[in-house]
Amino acid sequence: MSDEFALRLHAYADGELDGGEARAVEAHLETCAACRADLARIRELKAAVKRVDWGRVAPQGLADGIRRRVAADRARRTAIWSGGGLMAASLMAAMLLFRPVSPVDDVVAGHQRALRGAAPDTVAASGGNVKPWLKARLDFAPPVLEVAGGCRLVSARTDRVARRKASALTYMCNGHTVDFYAISGNGRTEQSPLVVPHVIRAQDYHVVGWQRGKLTCFAVSDAPVGDLLTLARYIETHAADG
Amino acid sequence: MKLFTLRPSQSEFERQVLPHLDGAYRLALWLVRDPATAEDVVQDAVLKAHAAWGRYTAGNARAWLFTIVRRSAYDGLRRTLVTVDVDDETAWTPEDAVHLRDEDSPETTLIAGEMARRLREALLGLPAVFREVIMLKDIEDMPYKTIAEVLGVPVGTVMSRLARGRDMLRARLVEVQP
């Protein structure tokens with residue numbers, strides 16, 4: 001069977017041939033048992049692929065979020081236009097405001113800022129002061145461990161990730177600085193199935209992300225991934241809720 | 001005679017494009033293979049589409065949206081910001097991904113489940129260019145012409161990728177038989 005005929009056989013199985021072409025294929029099939037067997041295999045495979053309902057629908061949270069964003073976007077644009085005198089600056093500001101957020105980018109940027117010593121709102125850890133310090137600043141309670149396996153808590157700070165309030169705990173692990181981020185959840189991430197740690201690589205850092213109830217957590221560092229996973233698992237198994 | 005053309009309005013966007021969110025999500029999911037990333041891809045793509053809606057003239061809104069979703073997905077894959085699953089089987093289980101149809105009897109469900117699992121794994125193992133063409137044809141039921149539009153390639157390329165992709169898929173299925 002020629003390659004050319006193979007393509008037409010697939011197209012025939014897909015119902016993509018017009019009457020004349022289809023009849024030509026059928027005429028050839030009459031004379032070619034191998035081609036008939038091929039057609040049967042193609043149909044069988046198509047049916048198998050179709051039979052499995054791959055069909056997930058978009059998660060409700062995603063659909064709702066998109067609808068809201070689109071509506072807000074529309075309202076905002078109408079407002080800008082009807083205000084007259086559209087200035088490049090305001091358009092730019094709007095674009096920045098509505099750019100898709102990447103929590104991973106924010107986490108890495110926050111980590112770098114802290115490494116440069118440029119993070120505001122930081123406190124050194126000393127004698128259990130971190131938990132009350134964070135409590136006064138956040139509307140959620142991230143897990144705080146003074147010692148987590150081979151890691152020692154050295155400082156804490158607040159930050160913003162994906163436009164949400166976040167806590168960042170800085171640990172020293174085998175000579176590496178590791179930031180542990182907790183971000184209060186939103187409708188979308190709460191139903192994220194990522195309850196197990198996921199490794200994400202961003203720039204020169206390793207980022208491990210996971211979901212802890214309503215909190216989205218990230219550990220970021222230049223430390224080996226294994227160390228980050230160990231810390232993540234330690235936090236998950238040893239931290240009491242709240 | 002057409003006296004003027006109306007610029008499609010924003011609510012027109014909501015009417016024409018948003019009904020295809022499910023398909024867009026499926027496409028993103030099968031390209032990036034991670035539910036959370038797929039959500040980001042779809043959200044990103046729909047907002048881009050919304051911003052560009054003024055330039056959309058007419059035609060197939062679904063194909064247009066899929067084109068943007070696909071581009072976003074590939075951009076994400078290229079940036080490789082995401083994702084290496086640590087424990088592969090925990091990230092997205094077959095039970096999670098595969099919903100058997102209701103009409104399946106209990107006896108056939110186990111076999112079908114096993115078959116579905118293999119098929120899913122084989123499809124996920126294909127290079128993305130073959131995976132997407134099989135998905136768009138056999139799952140989304142798109143005509144070749146529309147697939148060609150989404151992929152930005154000639155119909156002939158769609159046909160050859162489909163034939164090659166199905167051959168690869170079948171080879172993988174045979175390969176994993178015990």
# chains A, B, ... in the order shown; residues from 1 in each chain; ligands from 1
$ residues_around --residues "Phe5 (chain A)" --least-positions-apart "4" --cutoff "10 Å" --atoms "only C-alpha atoms" --output "JSON, numbers by chain"
{"A": [1, 9, 10, 11, 25, 28, 35]}
$ residues_around --residues "region 232-238 of chain A" --least-positions-apart "4" --cutoff "9 Å" --atoms "only C-alpha atoms" --output "JSON list (two decimals) with N, CA and C atoms, in the first residue's frame"
[["chain", "number", "residue", "atom", "x", "y", "z"],
["A", 143, "PRO", "N", 2.07, 27.50, 58.44],
["A", 143, "PRO", "CA", 2.78, 26.62, 59.38],
["A", 143, "PRO", "C", 4.16, 27.20, 59.67],
["A", 144, "VAL", "N", 4.50, 27.29, 60.94],
["A", 144, "VAL", "CA", 5.82, 27.82, 61.33],
["A", 144, "VAL", "C", 6.55, 26.76, 62.14],
["A", 145, "LEU", "N", 7.68, 26.30, 61.64],
["A", 145, "LEU", "CA", 8.52, 25.36, 62.38],
["A", 145, "LEU", "C", 9.87, 26.02, 62.59],
["A", 148, "ALA", "N", 13.16, 22.37, 61.02],
["A", 148, "ALA", "CA", 12.46, 21.43, 60.14],
["A", 148, "ALA", "C", 13.49, 20.49, 59.54],
["A", 149, "GLY", "N", 13.65, 19.32, 60.15],
["A", 149, "GLY", "CA", 14.67, 18.38, 59.70],
["A", 149, "GLY", "C", 16.04, 19.04, 59.87],
["A", 180, "PHE", "N", 10.47, 29.51, 52.26],
["A", 180, "PHE", "CA", 9.21, 28.76, 52.25],
["A", 180, "PHE", "C", 8.05, 29.75, 52.21],
["A", 197, "PRO", "N", 3.83, 17.57, 46.05],
["A", 197, "PRO", "CA", 4.77, 18.59, 45.59],
["A", 197, "PRO", "C", 5.07, 18.45, 44.11],
["A", 208, "VAL", "N", 9.57, 24.24, 44.45],
["A", 208, "VAL", "CA", 8.67, 23.12, 44.66],
["A", 208, "VAL", "C", 7.35, 23.71, 45.14],
["A", 209, "GLY", "N", 6.28, 23.36, 44.49],
["A", 209, "GLY", "CA", 4.98, 23.92, 44.85],
["A", 209, "GLY", "C", 4.03, 22.83, 45.30],
["A", 210, "TRP", "N", 3.20, 23.12, 46.26],
["A", 210, "TRP", "CA", 2.16, 22.17, 46.64],
["A", 210, "TRP", "C", 1.03, 22.92, 47.32],
["A", 212, "ARG", "N", -1.68, 23.12, 50.45],
["A", 212, "ARG", "CA", -1.88, 22.69, 51.83],
["A", 212, "ARG", "C", -3.22, 23.27, 52.27],
["A", 217, "CYS", "N", 1.64, 26.57, 48.70],
["A", 217, "CYS", "CA", 2.98, 26.66, 49.28],
["A", 217, "CYS", "C", 4.05, 26.49, 48.21],
["A", 218, "PHE", "N", 5.13, 27.21, 48.39],
["A", 218, "PHE", "CA", 6.29, 27.05, 47.51],
["A", 218, "PHE", "C", 7.54, 27.03, 48.37],
["A", 219, "ALA", "N", 8.49, 26.21, 47.99],
["A", 219, "ALA", "CA", 9.83, 26.30, 48.56],
["A", 219, "ALA", "C", 10.76, 26.65, 47.40],
["A", 227, "ASP", "N", 16.54, 18.38, 48.60],
["A", 227, "ASP", "CA", 16.48, 19.10, 49.88],
["A", 227, "ASP", "C", 15.15, 19.84, 50.01],
["A", 228, "LEU", "N", 14.70, 20.43, 48.90],
["A", 228, "LEU", "CA", 13.43, 21.17, 48.94],
["A", 228, "LEU", "C", 12.27, 20.22, 49.20]]
$ residues_around --residues "region 122-136 of chain B" --least-positions-apart "3" --cutoff "8 Å" --atoms "only C-alpha atoms" --output "list in words"
Leu27, Trp30, Leu31, Arg33, Arg118, Leu119, Ile139, Glu140, Asp141, Met142, Ile147, Val158, Arg161, Leu162, Arg164, Gly165, Arg166, Met168, Leu169, Arg172 and Leu173 of chain B
$ closest_residue --among "B:Val46, B:Val41, B:Ala24, B:Pro19" --to "Val70 (chain A)" --atoms "only C-alpha atoms"
B:Val46
$ residues_around --residues "Arg67 (chain A)" --least-positions-apart "2" --cutoff "12 Å" --atoms "only C-alpha atoms" --output "PyMOL selection string"
(chain A and resi 60-65+69-74) or (chain B and resi 10-11+13-15+17-19+21+43+46-47+50)
